[in-house]
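Colleague: Input structure: target_33.txt, which contains compact mmCIF, C-alpha atoms.
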```txt
# COMPACT_ATOMS: atom_id res chain seq x y z
CA MET P 290 -7.12 30.93 31.39
CA ILE P 291 -7.24 27.46 29.83
CA ARG P 292 -8.19 26.14 26.41
CA ARG P 293 -9.64 22.73 25.54
CA ARG P 294 -10.53 21.28 22.12
CA VAL P 295 -13.30 18.66 22.14
CA VAL P 296 -14.64 16.26 19.55
CA VAL P 297 -18.09 14.95 20.43
CA ARG P 298 -19.36 11.80 18.72
CA GLY P 299 -22.81 10.25 18.62
CA THR P 300 -26.11 11.72 17.50
CA VAL P 301 -24.87 15.30 17.69
CA GLN P 302 -25.78 16.85 14.34
CA GLY P 303 -29.32 17.93 13.54
CA VAL P 304 -30.22 18.16 17.25
CA PHE P 305 -29.34 21.84 17.88
CA PHE P 306 -25.99 20.90 19.44
CA ARG P 307 -24.13 23.91 17.99
CA ALA P 308 -26.81 26.47 18.84
CA THR P 309 -27.26 25.16 22.35
CA CYS P 310 -23.49 24.95 22.85
CA GLN P 311 -23.17 28.59 21.80
CA GLN P 312 -25.89 29.64 24.26
CA GLU P 313 -24.31 27.65 27.09
CA ALA P 314 -20.82 29.02 26.34
CA ARG P 315 -22.09 32.58 26.39
CA ARG P 316 -23.92 31.91 29.65
CA CYS P 317 -20.69 30.55 31.17
CA HIS P 318 -18.55 33.38 29.69
CA VAL P 319 -16.47 30.92 27.66
CA ASN P 320 -14.83 31.95 24.39
CA GLY P 321 -14.25 29.77 21.33
CA TRP P 322 -16.27 28.12 18.61
CA VAL P 323 -18.28 25.01 17.69
CA SER P 324 -18.57 23.36 14.28
CA ASN P 325 -20.03 20.28 12.58
CA ARG P 326 -17.44 17.92 11.09
CA SER P 327 -17.93 15.93 7.90
CA ASP P 328 -17.75 12.62 9.82
CA GLY P 329 -20.94 13.46 11.79
CA SER P 330 -19.17 14.59 14.95
CA VAL P 331 -19.02 18.09 16.43
CA GLU P 332 -15.77 19.88 17.26
CA ALA P 333 -15.49 22.78 19.69
CA VAL P 334 -12.88 24.92 21.38
CA PHE P 335 -13.54 26.28 24.87
CA GLU P 336 -11.28 28.98 26.31
CA GLY P 337 -11.71 30.84 29.57
CA ALA P 338 -11.53 30.50 33.32
CA PRO P 339 -10.87 26.90 34.42
CA ILE P 340 -14.19 26.48 36.24
CA ALA P 341 -16.13 27.83 33.23
CA VAL P 342 -14.31 25.59 30.75
CA GLU P 343 -14.85 22.58 33.02
CA SER P 344 -18.57 23.41 33.07
CA MET P 345 -18.61 23.36 29.26
CA LEU P 346 -16.77 20.04 29.20
CA GLU P 347 -19.40 18.56 31.53
CA TRP P 348 -22.15 19.96 29.29
CA ALA P 349 -20.50 18.43 26.20
CA HIS P 350 -20.87 14.96 27.73
CA HIS P 351 -24.67 15.16 27.37
CA GLY P 352 -25.38 18.14 25.08
CA PRO P 353 -28.92 19.34 24.34
CA PRO P 354 -31.96 17.15 25.08
CA ARG P 355 -32.14 15.43 21.65
CA ALA P 356 -28.40 14.60 21.49
CA VAL P 357 -27.03 11.14 22.22
CA VAL P 358 -23.38 11.60 23.14
CA GLU P 359 -21.31 8.45 22.74
CA SER P 360 -17.84 9.88 23.37
CA VAL P 361 -16.00 13.12 24.05
CA ASP P 362 -12.30 13.45 23.24
CA VAL P 363 -10.58 16.35 25.01
CA THR P 364 -7.23 17.88 24.07
CA ASP P 365 -5.41 20.58 26.07
CA GLU P 366 -4.18 23.56 24.05
CA GLU P 367 -2.42 26.82 24.82
CA PRO P 368 -4.84 29.75 25.19
CA THR P 369 -4.83 32.12 22.22
CA GLY P 370 -6.90 35.01 23.56
CA THR P 371 -9.99 34.12 21.53
CA LEU P 372 -12.89 36.51 22.17
CA GLY P 373 -16.58 35.63 21.83
CA PHE P 374 -18.14 32.32 20.93
CA THR P 375 -19.31 31.41 17.44
CA ALA P 376 -21.13 28.54 15.78
CA ARG P 377 -19.47 27.80 12.46
```
Is it possible to give me this structure as structure tokens?
Modeller:
Amino acid sequence: MIRRRVVVRGTVQGVFFRATCQQEARRCHVNGWVSNRSDGSVEAVFEGAPIAVESMLEWAHHGPPRAVVESVDVTDEEPTGTLGFTAR
């Protein structure tokens, strides 16, 4: 199990980024959460099997169709045993 925290910047709020991220994470069997930040970016935590988390990181670089992703910052974290995936 691995855990990655991402901050996605660009046109990522108001384009169904969180809802689509939640659907994609559930499809990939990744645990964690996704949330809008006050600066207009989106923050998410992905925890699960390495290949599944890597799939989510790839997805975060483009997001849903209406998103315009300018940058994705990734930070490694220790897994915490998070279960499920929520949009906050």
Colleague: So, counting only C-alpha atoms, which residue among P:Gly299, P:Gly329, P:Gly352, P:Gly337 is closest to Phe374 of chain P?
Modeller: P:Gly337
Colleague: Which of these, P:Cys310, P:Val323, P:Val358, P:Cys317, has the shortest distance to Arg298 of chain P once you count all atoms listed in the file?
Modeller: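 Of P:Cys310, P:Val323, P:Val358, P:Cys317, the one nearest Arg298 of chain P is P:Val358, counting all atoms listed in the file.
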Colleague: For Arg315 of chain P, work out the shell of residues within 12 Å, counting only C-alpha atoms and skipping chain neighbours fewer than 6 positions away, then give it as a ChimeraX atom specification.
Modeller: /P:308-309,321-322,335-337,341-342,344-345,372-376
Colleague: Could you check which of P:Val304, P:Ala333, P:Ala349, P:Ile340 is closest to His318 of chain P, using all atoms listed in the file?
Modeller: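 Answer, going by the shortest atom-to-atom distance: P:Ile340.
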Colleague: Excluding Asp362 of chain P and residues on its chain fewer than 4 positions from it, collect all residues at most 9 Å away from it, counting only C-alpha atoms, and give them as an NGL selection string.
Modeller: :P and (294-298)
Colleague: What is the distance between atom CA of Thr369 of chain P and atom CA of His350 of chain P, in Å to one decimal?
Modeller: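 Here the two named atoms are 24.1 Å from each other.
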Colleague: If I take atom CA of Ala356 of chain P and atom CA of Thr300 of chain P, how far is one from the other in Å, to one decimal?
Modeller: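 Atom CA of Thr300 of chain P lies at a distance of 5.4 Å from atom CA of Ala356 of chain P.
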Colleague: In Å, with one decimal, what is the gap from atom CA of Glu343 of chain P to atom CA of Ile291 of chain P?
Modeller: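 Separation of atom CA of Glu343 of chain P and atom CA of Ile291 of chain P: 9.6 Å.
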Colleague: Tell me which of P:Ala314, P:Leu346, P:Met290, P:Ala338 sits closest to Val361 of chain P, counting all atoms listed in the file.
Modeller: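 Among the listed residues, P:Leu346 lies closest to Val361 of chain P.
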